[in-house]
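Below is the file work_13.txt, which contains compact mmCIF, C-alpha atoms and all ligand atoms.
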```txt
# COMPACT_ATOMS: atom_id res chain seq x y z
CA MET A 1 0.00 0.00 0.00
CA LYS A 2 1.18 3.49 -0.81
CA LYS A 3 2.00 5.79 2.00
CA VAL A 4 0.23 9.04 2.60
CA LEU A 5 0.46 11.31 5.59
CA PHE A 6 -1.26 14.56 6.31
CA PHE A 7 0.14 17.00 8.80
CA ALA A 8 -1.31 20.26 9.91
CA ALA A 9 0.90 22.92 11.34
CA ALA A 10 -1.54 25.74 11.61
CA MET A 11 -3.14 28.07 14.10
CA PHE A 12 -6.58 26.94 13.18
CA MET A 13 -8.73 24.05 14.16
CA LEU A 14 -7.96 21.29 11.78
CA ALA A 15 -9.45 18.17 13.20
CA ALA A 16 -9.75 14.87 11.48
CA CYS A 17 -13.36 13.99 11.84
CA SER A 18 -14.30 11.23 9.52
CA GLU A 19 -13.04 8.05 8.11
CA GLU A 20 -10.82 5.47 9.64
CA SER A 21 -7.31 5.89 8.43
CA PRO A 22 -4.21 3.89 9.16
CA PHE A 23 -2.49 7.08 10.38
CA THR A 24 -4.09 7.63 13.74
CA ASP A 25 -0.89 9.27 14.95
CA VAL A 26 -1.56 12.09 12.51
CA SER A 27 -4.93 12.77 13.98
CA ALA A 28 -3.35 12.90 17.41
CA ASP A 29 -0.87 15.50 16.16
CA LEU A 30 -3.72 17.57 14.85
CA ASN A 31 -5.65 17.46 18.07
CA SER A 32 -2.72 18.81 20.02
CA GLN A 33 -2.78 21.95 17.86
CA ILE A 34 -6.49 22.64 17.83
CA SER A 35 -7.39 26.28 18.02
CA THR A 36 -10.08 28.35 16.42
CA VAL A 37 -9.34 30.76 13.61
CA GLN A 38 -9.63 34.27 14.93
CA GLN A 39 -12.51 36.44 13.71
CA ALA A 40 -10.07 38.55 11.64
CA GLY A 41 -9.07 35.50 9.58
CA GLY A 42 -5.62 35.19 8.05
CA SER A 43 -3.35 32.81 6.17
CA PHE A 44 -2.07 29.62 7.74
CA ASN A 45 0.31 26.97 6.45
CA PHE A 46 0.00 23.25 6.88
CA SER A 47 1.88 20.31 5.46
CA ILE A 48 0.60 17.49 3.36
CA GLU A 49 2.92 14.53 3.24
CA SER A 50 2.23 12.13 0.47
CA ASN A 51 3.93 10.09 -2.18
CA GLU A 52 0.95 9.89 -4.46
CA GLN A 53 -1.57 12.20 -6.17
CA TRP A 54 -3.81 14.10 -3.71
CA THR A 55 -6.71 16.48 -4.06
CA ILE A 56 -8.39 18.94 -1.70
CA SER A 57 -12.17 19.26 -2.01
CA THR A 58 -14.11 21.95 -0.17
CA ASP A 59 -17.75 22.23 0.88
CA GLY A 60 -18.19 25.12 -1.57
CA GLN A 61 -18.22 27.96 0.97
CA GLU A 62 -16.29 30.95 -0.32
CA TRP A 63 -14.80 32.44 2.82
CA TYR A 64 -11.72 30.22 2.74
CA GLY A 65 -9.44 28.89 0.04
CA PHE A 66 -6.20 27.02 -0.55
CA SER A 67 -3.01 28.01 -2.33
CA GLN A 68 -3.22 24.72 -4.21
CA THR A 69 -5.87 22.03 -4.27
CA GLU A 70 -3.89 19.20 -5.80
CA GLY A 71 -0.39 17.80 -5.82
CA SER A 72 1.59 14.69 -6.48
CA SER A 73 3.97 14.75 -3.54
CA SER A 74 4.45 16.36 -0.15
CA ALA A 75 3.65 20.05 -0.08
CA THR A 76 3.13 23.06 2.17
CA VAL A 77 -0.32 24.44 1.52
CA THR A 78 -1.65 27.81 2.66
CA VAL A 79 -5.26 28.16 3.67
CA THR A 80 -6.56 31.74 3.62
CA VAL A 81 -9.58 32.59 5.76
CA ASP A 82 -11.57 35.80 5.27
CA GLU A 83 -12.61 38.01 8.16
CA ASN A 84 -15.92 36.92 9.67
CA TYR A 85 -18.24 39.92 9.81
CA SER A 86 -21.13 37.98 11.32
CA ILE A 87 -21.61 37.61 15.04
CA LYS A 88 -22.09 33.89 14.36
CA PRO A 89 -19.08 31.57 14.46
CA ARG A 90 -18.82 29.52 11.29
CA THR A 91 -17.59 26.13 10.27
CA ALA A 92 -16.28 24.67 7.04
CA GLU A 93 -15.39 21.15 6.10
CA PHE A 94 -12.87 20.09 3.49
CA SER A 95 -11.30 16.80 2.61
CA ILE A 96 -7.95 15.62 1.35
CA SER A 97 -8.08 12.48 -0.69
CA THR A 98 -5.88 10.13 -2.63
CA ALA A 99 -6.89 7.08 -4.57
CA THR A 100 -7.01 5.08 -1.35
CA VAL A 101 -7.52 7.52 1.53
CA ASN A 102 -10.07 10.25 2.20
CA LYS A 103 -9.86 12.39 5.30
CA SER A 104 -12.12 15.23 6.37
CA TYR A 105 -11.12 18.32 8.32
CA VAL A 106 -13.04 21.10 9.98
CA ILE A 107 -12.17 24.78 10.16
CA THR A 108 -14.01 26.74 12.82
CA GLN A 109 -13.84 30.51 12.92
CA ALA A 110 -14.96 32.87 15.70
CA GLY A 111 -17.70 35.43 15.08
CA ALA A 112 -17.50 39.18 15.45
CA THR A 113 -18.35 40.70 18.81
CA VAL A 114 -20.29 43.50 17.12
CA ALA A 115 -22.04 43.00 13.78
CA VAL A 116 -22.39 46.63 12.77
CA THR A 117 -20.25 49.52 13.91
CA VAL A 118 -21.09 53.19 13.54
CA GLY A 119 -20.80 54.29 9.95
CA ASP A 120 -20.84 50.79 8.43
CA LEU A 121 -24.45 51.31 7.43
CA VAL A 122 -26.00 54.69 6.84
CA ILE A 123 -29.44 55.97 6.01
CA GLU A 124 -28.98 57.07 2.42
CA GLU A 125 -32.50 58.25 1.71
CA ILE A 126 -35.84 58.79 3.43
CA TYR A 127 -39.04 59.30 1.49
CA TYR A 128 -41.61 60.37 4.07
CA ALA A 129 -43.52 63.10 2.22
CA LYS A 130 -46.50 61.93 0.24
CA THR A 131 -46.42 61.58 -3.51
CA ILE A 132 -48.52 64.22 -5.25
CA ASP A 133 -49.97 64.05 -8.71
CA SER A 134 -48.44 67.14 -10.30
CA THR A 135 -51.48 67.82 -12.47
CA THR A 136 -54.30 67.38 -9.94
CA GLY A 137 -52.37 68.00 -6.71
CA LYS A 138 -53.95 64.86 -5.28
CA THR A 139 -52.11 62.35 -3.11
CA ALA A 140 -52.24 58.57 -2.93
CA ASN A 141 -55.13 56.96 -1.10
CA THR A 142 -52.72 55.49 1.47
CA ALA A 143 -50.04 56.68 3.87
CA GLN A 144 -47.80 53.72 3.10
CA ASP A 145 -46.07 55.12 0.00
CA GLN A 146 -42.91 55.69 2.00
CA TYR A 147 -39.49 54.09 2.31
CA VAL A 148 -36.08 54.25 3.91
CA LYS A 149 -32.94 53.25 2.02
CA ILE A 150 -30.00 51.93 4.03
CA THR A 151 -26.59 51.45 2.43
CA ASN A 152 -23.44 49.51 3.31
CA THR A 153 -20.59 52.03 3.13
CA THR A 154 -17.83 49.50 3.77
CA ASP A 155 -15.76 47.39 1.38
CA HIS A 156 -17.03 44.17 2.95
CA VAL A 157 -20.26 42.35 3.73
CA VAL A 158 -22.30 43.69 6.65
CA TYR A 159 -25.15 41.69 8.16
CA ALA A 160 -28.35 43.62 8.74
CA ASP A 161 -29.66 41.08 11.26
CA ARG A 162 -30.95 42.82 14.41
CA LEU A 163 -30.79 46.24 12.81
CA ALA A 164 -33.78 48.31 13.91
CA LEU A 165 -35.43 51.28 12.25
CA VAL A 166 -36.64 53.70 14.91
CA GLU A 167 -38.61 56.94 14.89
CA SER A 168 -37.96 59.76 17.33
CA PHE A 169 -40.60 60.37 19.97
CA ILE A 170 -39.70 64.05 20.06
CA ASN A 171 -41.10 66.33 17.39
CA SER A 172 -38.54 68.70 15.89
CA SER A 173 -41.07 71.56 15.89
CA MET A 174 -42.30 71.17 19.46
CA ASP A 175 -42.85 74.39 21.38
CA VAL A 176 -39.71 74.35 23.51
CA ASP A 177 -40.80 77.44 25.46
CA MET A 178 -43.84 75.55 26.64
CA VAL A 179 -43.04 71.84 26.59
CA SER A 180 -40.18 70.16 28.43
CA TYR A 181 -39.31 66.61 29.33
CA ASP A 182 -37.68 65.61 32.57
CA PRO A 183 -35.25 63.96 32.53
CA ASP A 184 -34.08 65.04 29.09
CA VAL A 185 -32.31 61.80 28.25
CA ARG A 186 -31.12 62.77 24.78
CA PRO A 187 -27.40 63.12 25.56
CA GLU A 188 -27.34 59.40 26.45
CA GLN A 189 -30.49 57.85 25.04
CA SER A 190 -32.82 58.47 22.14
CA PRO A 191 -36.54 58.62 22.90
CA VAL A 192 -38.42 56.69 20.19
CA ASP A 193 -42.03 55.89 19.38
CA PHE A 194 -41.50 52.87 17.16
CA VAL A 195 -38.89 50.12 17.01
CA PHE A 196 -39.02 47.84 13.95
CA MET A 197 -36.28 45.21 13.78
CA ILE A 198 -34.86 43.03 11.02
CA ALA A 199 -35.06 39.56 12.54
CA GLY A 200 -32.10 37.23 12.11
CA ASP A 201 -29.54 35.27 14.08
CA GLY A 202 -26.46 36.92 12.62
CA ASP A 203 -25.98 35.78 9.04
CA ASP A 204 -29.47 35.83 7.51
CA HIS A 205 -29.32 39.22 5.80
CA PRO A 206 -25.91 39.82 4.23
CA LEU A 207 -25.51 43.19 2.57
CA ALA A 208 -22.59 43.26 0.14
CA ALA A 209 -20.17 46.18 -0.05
CA GLY A 210 -21.94 49.25 -1.41
CA GLU A 211 -25.31 47.47 -1.54
CA SER A 212 -28.55 48.93 -0.19
CA ILE A 213 -31.77 47.67 1.35
CA ILE A 214 -35.14 49.29 0.98
CA ILE A 215 -37.53 49.23 3.92
CA ALA A 216 -41.02 50.12 2.73
CA ALA A 217 -43.96 51.25 4.84
CA GLY A 218 -46.00 49.12 2.44
CA ALA A 219 -44.33 46.97 -0.20
CA GLN A 220 -46.81 47.75 -2.99
CA ARG A 221 -46.79 49.46 -6.36
CA TYR A 222 -48.36 52.91 -6.06
CA GLU A 223 -49.70 54.86 -9.00
CA ILE A 224 -50.41 58.49 -8.29
CA GLY A 225 -51.48 60.30 -11.45
CA ASP A 226 -48.57 60.10 -13.84
CA LYS A 227 -46.16 58.99 -11.10
CA VAL A 228 -45.28 55.45 -10.11
CA LEU A 229 -43.65 54.45 -6.84
CA ASP A 230 -42.90 50.76 -7.07
CA LEU A 231 -42.08 49.37 -3.63
CA SER A 232 -43.30 45.85 -4.46
CA ALA A 233 -39.71 44.58 -4.59
CA ALA A 234 -38.60 46.21 -1.32
CA ASP A 235 -36.33 44.13 0.90
CA PHE A 236 -38.52 44.61 3.97
CA GLU A 237 -41.78 46.20 5.00
CA TRP A 238 -43.60 46.68 8.24
CA TYR A 239 -47.05 45.24 8.75
CA ASP A 240 -49.24 46.46 11.59
CA ASN A 241 -51.97 44.47 13.25
CA SER A 242 -54.46 47.29 13.29
CA THR A 243 -57.01 47.46 16.12
CA ASN A 244 -59.45 49.28 13.85
CA GLU A 245 -60.99 47.40 10.95
CA ASN A 246 -61.48 50.66 9.04
CA TYR A 247 -57.74 51.31 9.01
CA VAL A 248 -55.88 48.14 8.17
CA ASP A 249 -52.41 47.58 6.84
CA VAL A 250 -51.78 45.57 3.67
CA ASP A 251 -49.26 42.73 3.76
CA ASN A 252 -47.23 41.77 0.71
CA PRO A 253 -46.63 38.07 1.44
CA GLU A 254 -43.52 38.06 -0.78
CA ILE A 255 -41.74 40.68 1.31
CA THR A 256 -40.32 39.99 4.76
CA ASN A 257 -41.97 41.93 7.56
CA LEU A 258 -39.94 43.68 10.21
CA ASP A 259 -40.48 42.57 13.79
CA ILE A 260 -42.60 45.20 15.48
CA TRP A 261 -41.14 45.56 18.96
CA TYR A 262 -43.13 48.67 19.72
CA THR A 263 -45.25 51.21 17.89
CA TYR A 264 -47.29 54.09 19.24
CA SER A 265 -49.87 53.48 16.51
CA LEU A 266 -52.99 51.44 17.18
CA THR A 267 -53.71 51.18 13.45
CA VAL A 268 -51.12 51.60 10.70
CA THR A 269 -47.70 53.15 11.35
CA SER A 270 -46.42 55.68 8.82
CA LEU A 271 -43.38 57.91 8.73
CA HIS A 272 -44.27 61.45 9.77
CA GLN A 273 -45.52 63.00 6.53
CA GLN A 274 -44.79 66.59 7.54
CA GLY A 275 -41.26 65.61 8.42
CA PHE A 276 -41.22 66.45 12.13
CA LYS A 277 -40.10 63.03 13.35
CA SER A 278 -36.54 61.83 12.89
CA TYR A 279 -35.17 58.40 12.00
CA ALA A 280 -32.27 56.26 13.07
CA ILE A 281 -30.95 52.77 12.59
CA ALA A 282 -29.77 50.97 15.69
CA TYR A 283 -28.16 47.63 16.36
CA ILE A 284 -30.01 45.75 19.09
CA PRO A 285 -27.70 43.58 21.22
CA GLN A 286 -28.28 39.85 20.92
CA ASP A 287 -29.22 39.29 24.54
CA ILE A 288 -32.26 41.58 24.38
CA ASP A 289 -35.57 40.30 23.06
CA ALA A 290 -38.79 42.21 22.40
CA VAL A 291 -40.33 41.32 25.77
CA ALA A 292 -37.25 42.42 27.71
CA TYR A 293 -36.99 45.58 25.62
CA VAL A 294 -40.55 46.72 26.26
CA GLU A 295 -40.15 45.87 29.94
CA ASN A 296 -36.85 47.64 30.53
CA TYR A 297 -36.52 50.49 28.06
CA LYS A 298 -39.59 52.60 28.70
CA TRP A 299 -38.88 56.32 29.09
CA ILE A 300 -39.89 57.01 32.66
CA GLY A 301 -40.28 60.71 33.25
CA THR A 302 -42.52 63.75 33.30
CA VAL A 303 -43.66 66.09 30.58
CA TYR A 304 -44.33 69.69 31.64
CA GLU A 305 -46.54 72.09 29.75
CA ASP A 306 -46.14 75.65 30.86
CA TRP A 307 -49.33 77.65 30.30
CA SER A 308 -48.47 80.32 32.86
CA GLU A 309 -48.25 82.94 30.13
CA TYR A 310 -51.98 82.42 29.73
CA GLY A 311 -52.57 82.41 33.49
CA LEU A 312 -53.17 78.66 33.56
CA GLY A 313 -50.07 77.43 35.40
CA VAL A 314 -47.88 74.44 34.63
CA PHE A 315 -49.36 71.06 33.84
CA GLU A 316 -47.41 67.89 34.35
CA GLU A 317 -48.03 64.29 33.51
CA ALA A 318 -46.14 61.04 33.03
CA ILE A 319 -44.46 60.52 29.66
CA GLU A 320 -46.47 57.98 27.69
CA LYS A 321 -45.75 55.84 24.62
CA ALA A 322 -42.03 56.55 24.61
CA TYR A 323 -39.18 54.05 24.66
CA LEU A 324 -35.44 54.52 24.74
CA ILE A 325 -32.62 53.46 22.46
CA PRO A 326 -29.22 53.89 24.13
CA ASN A 327 -27.16 56.17 21.91
CA GLU A 328 -24.38 53.58 21.74
CA TRP A 329 -26.76 51.28 19.84
CA VAL A 330 -27.30 53.92 17.16
CA VAL A 331 -25.50 53.17 13.90
CA ASP A 332 -26.77 56.28 12.10
CA ALA A 333 -29.30 58.97 12.96
CA VAL A 334 -30.94 61.57 10.75
CA ASN A 335 -32.79 64.47 12.28
CA VAL A 336 -35.65 65.72 10.13
CA SER A 337 -37.52 69.03 10.23
CA HIS A 338 -37.89 72.05 8.02
CA PRO A 339 -36.36 75.50 8.41
CA GLU A 340 -39.53 77.45 9.14
CA ASP A 341 -40.66 75.42 12.16
CA PHE A 342 -37.47 73.81 13.51
CA THR A 343 -37.06 74.13 17.28
CA THR A 344 -35.15 71.13 18.63
CA LEU A 345 -33.04 68.15 17.53
CA PRO A 346 -35.01 64.97 18.30
CA PHE A 347 -31.74 62.99 18.34
CA HIS A 348 -28.84 64.46 20.28
CA SER A 349 -26.29 66.60 18.46
CA SER A 350 -23.63 63.96 19.18
CA LEU A 351 -25.58 61.66 16.82
CA ASP A 352 -26.63 64.31 14.31
CA ALA A 353 -25.78 67.98 14.75
CA GLY A 354 -28.14 69.17 12.01
CA TYR A 355 -31.31 68.17 10.20
CA ALA A 356 -32.54 67.32 6.73
CA TYR A 357 -35.78 68.47 5.14
CA CYS A 358 -37.90 68.09 2.01
CA GLY A 359 -39.44 71.54 1.81
CA ALA A 360 -38.47 74.94 3.20
CA THR A 361 -42.00 75.41 4.54
CA ASN A 362 -44.54 73.08 6.10
CA THR A 363 -46.68 72.67 3.01
CA LEU A 364 -47.51 69.64 0.91
CA ALA A 365 -46.76 71.69 -2.21
CA ASP A 366 -43.22 72.24 -0.95
CA ARG A 367 -42.43 68.74 0.27
CA GLY A 368 -44.68 66.48 -1.82
CA SER A 369 -42.91 63.94 -4.08
CA LYS A 370 -39.56 64.93 -2.56
CA ALA A 371 -37.08 63.01 -0.45
CA ILE A 372 -33.98 63.63 1.60
CA VAL A 373 -31.01 61.98 -0.08
CA ARG A 374 -27.50 61.75 1.36
CA LYS A 375 -24.76 63.39 -0.67
CA ARG A 376 -21.81 61.54 -2.15
CA ASP A 377 -18.31 62.93 -2.50
CA ALA A 378 -16.40 63.12 -5.78
CA SER A 379 -15.31 59.50 -5.44
CA GLY A 380 -18.89 58.35 -4.90
CA LYS A 381 -18.57 57.70 -1.19
CA LEU A 382 -21.59 58.61 0.92
CA ILE A 383 -20.91 61.64 3.12
CA ASP A 384 -21.60 61.24 6.84
CA THR A 385 -20.21 63.96 9.09
CA ASN A 386 -23.12 63.47 11.52
CA ASN A 387 -24.57 66.77 10.45
CA SER A 388 -27.56 66.18 8.20
CA THR A 389 -27.86 69.87 7.31
CA ASN A 390 -24.62 69.45 5.37
CA ASP A 391 -24.77 65.73 4.55
CA PHE A 392 -28.11 65.66 2.72
CA ASN A 393 -29.62 67.01 -0.43
CA HIS A 394 -32.88 68.55 0.81
CA GLY A 395 -35.99 68.28 -1.30
CA ALA A 396 -34.28 65.85 -3.64
CA THR A 397 -35.87 63.54 -6.19
CA PRO A 398 -36.77 60.18 -4.62
CA SER A 399 -34.66 57.49 -6.30
CA LEU A 400 -37.64 55.13 -6.61
CA LEU A 401 -40.24 57.62 -7.83
CA LYS A 402 -40.70 57.42 -11.57
CA CA A 501 -47.27 48.57 6.26
CA CA A 502 -44.90 41.12 4.01
CA CA A 503 -24.19 59.35 10.83
```

Could you write out this structure as structure tokens?
Amino acid sequence: MKKVLFFAAAMFMLAACSEESPFTDVSADLNSQISTVQQAGGSFNFSIESNEQWTISTDGQEWYGFSQTEGSSSATVTVTVDENYSIKPRTAEFSISTATVNKSYVITQAGATVAVTVGDLVIEEIYYAKTIDSTTGKTANTAQDQYVKITNTTDHVVYADRLALVESFINSSMDVDMVSYDPDVRPEQSPVDFVFMIAGDGDDHPLAAGESIIIAAGAQRYEIGDKVLDLSAADFEWYDNSTNENYVDVDNPEITNLDIWYTYSLTVTSLHQQGFKSYAIAYIPQDIDAVAYVENYKWIGTVYEDWSEYGLGVFEEAIEKAYLIPNEWVVDAVNVSHPEDFTTLPFHSSLDAGYAYCGATNTLADRGSKAIVRKRDASGKLIDTNNSTNDFNHGATPSLLK
């Protein structure tokens, strides 16, 4: 019988796991060197000792590869493992075979501690204003002709699993001379009135470098006069279980629904059409589920309304229908308002020091059929200085409105 020996001299877990072979001492050598490939990946050498033709076959996964996959004698082979951008550890199996021996090996690689870091994904576009028929001035017979576009700004895959779209609780035109919240948590936490999350366990929703996802209020095709807004191929939508049969949401069964962790709405949730609510994307830590979130992240505090100017005194009551997103969960935040009525930043200036807007005034004529779209620099890279006044094109043409 011909002699074949496989040796591994690598930093990664290379464990013989299948077939009986006459070289049990080799397996023992391997076991003594078992370690897991670090999340960052890398290149690792191992030796194949053989005096006959051998071939490496993989399981087809593309995150690892070999410097050579066949040979006719002993060789040093390099296996290169990509960085793992998912929070999930991953495993691959490959085999080395000759005419008489086939042995399988496993590579295990650690997952990332954080799936998405600030700036990896940004909100590229928000279309919250209604579409208007330019000839009749009429709007669609729905409030669901809205979307948010989120883009991967990195040069690698980013997983959107557990990414949440949230809306600010605070209105950017609130009367700050009259209304105040205590405590004002904004320096540390963002008060929100809906939390819609992309469900996934870490590697379900890969977003390639430069790629975008569209989250639609309703994933339908809308025709408004001569305009068409086709959201029927959106990546996600949100579907509300309305408590009022006269106002029901429409579900597109082809399009994945976001997990509704909380919404202030008892019927159908829409983005704020006048543009006084702001939007952020946040990464929800793995160890928090919807039940724990609603239980532990309510905004507990008091809202004061000062009517003393009118001789009516100061009214106070408990803050209702408001939840909190810790600012360190926020991946990107975009304050929204318009110049005529702006009073306060719903998300703290450390997240976004400015605001974007569709129209200069609070009129449908000004904002209708317009979106806020993030600028790109000369090289095509999306600009994010955390100041939406500078980073956005205001009153821009929605990319999906034809
Ligand atoms: Ca909907
Ligand atoms: Ca759906
Ligand atoms: Ca940002």

request  = Can you work out the spacing between atom CA of A:Pro253 and atom CA of A:Gln144 in Å, to one decimal?
outcome  =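 One can read the atom CA of A:Pro253 to atom CA of A:Gln144 distance as 15.8 Å.
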
note = In terms of only C-alpha atoms, the residue from A:Ser57, A:Ser180, A:Gln286, A:Ser104 at minimal distance from A:Gly202 is A:Gln286

Could you make a table, as JSON lines, of the residues of chain A that have an atom within 8 Å of an atom of ligand CA 501 (chain A), each with its nearest atom pair and distance in Å to one decimal, counting all atoms listed in the file, in chain and number order?
```
{"residue": "A:Gln144", "atom": "CA", "partner": "A:CA501", "partner_atom": "CA", "distance": 6.1}
{"residue": "A:Ala216", "atom": "CA", "partner": "A:CA501", "partner_atom": "CA", "distance": 7.3}
{"residue": "A:Ala217", "atom": "CA", "partner": "A:CA501", "partner_atom": "CA", "distance": 4.5}
{"residue": "A:Gly218", "atom": "CA", "partner": "A:CA501", "partner_atom": "CA", "distance": 4.1}
{"residue": "A:Ala219", "atom": "CA", "partner": "A:CA501", "partner_atom": "CA", "distance": 7.3}
{"residue": "A:Glu237", "atom": "CA", "partner": "A:CA501", "partner_atom": "CA", "distance": 6.1}
{"residue": "A:Trp238", "atom": "CA", "partner": "A:CA501", "partner_atom": "CA", "distance": 4.6}
{"residue": "A:Tyr239", "atom": "CA", "partner": "A:CA501", "partner_atom": "CA", "distance": 4.2}
{"residue": "A:Asp240", "atom": "CA", "partner": "A:CA501", "partner_atom": "CA", "distance": 6.1}
{"residue": "A:Asp249", "atom": "CA", "partner": "A:CA501", "partner_atom": "CA", "distance": 5.3}
{"residue": "A:Val250", "atom": "CA", "partner": "A:CA501", "partner_atom": "CA", "distance": 6.0}
{"residue": "A:Asp251", "atom": "CA", "partner": "A:CA501", "partner_atom": "CA", "distance": 6.7}
{"residue": "A:Val268", "atom": "CA", "partner": "A:CA501", "partner_atom": "CA", "distance": 6.6}
{"residue": "A:Thr269", "atom": "CA", "partner": "A:CA501", "partner_atom": "CA", "distance": 6.9}
{"residue": "A:Ser270", "atom": "CA", "partner": "A:CA501", "partner_atom": "CA", "distance": 7.6}
```

Each residue of chain A with at least one atom at most 6 Å from ligand CA 502 (chain A) should appear once, together with its nearest atom pair and the corresponding distance in Å (one decimal); atoms considered: all atoms listed in the file; ordering: chain, then increasing residue number; output as a tab-separated table.
```
residue	atom	partner	partner_atom	distance
A:Asp251	CA	A:CA502	CA	4.7
A:Asn252	CA	A:CA502	CA	4.1
A:Pro253	CA	A:CA502	CA	4.3
A:Glu254	CA	A:CA502	CA	5.8
A:Ile255	CA	A:CA502	CA	4.2
A:Thr256	CA	A:CA502	CA	4.8
A:Asn257	CA	A:CA502	CA	4.7
```

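Identified as lying at most 9 Å from ligand CA 503 (chain A) when counting all atoms listed in the file are the residues Val118, Gly119, Leu121, Val122, Ile123, Ala280, Val330, Val331, Asp332, Ala333, Val334, Leu351, Asp352, Ile383, Asp384, Thr385, Asn386, Asn387, Ser388 and Asp391 of chain A.
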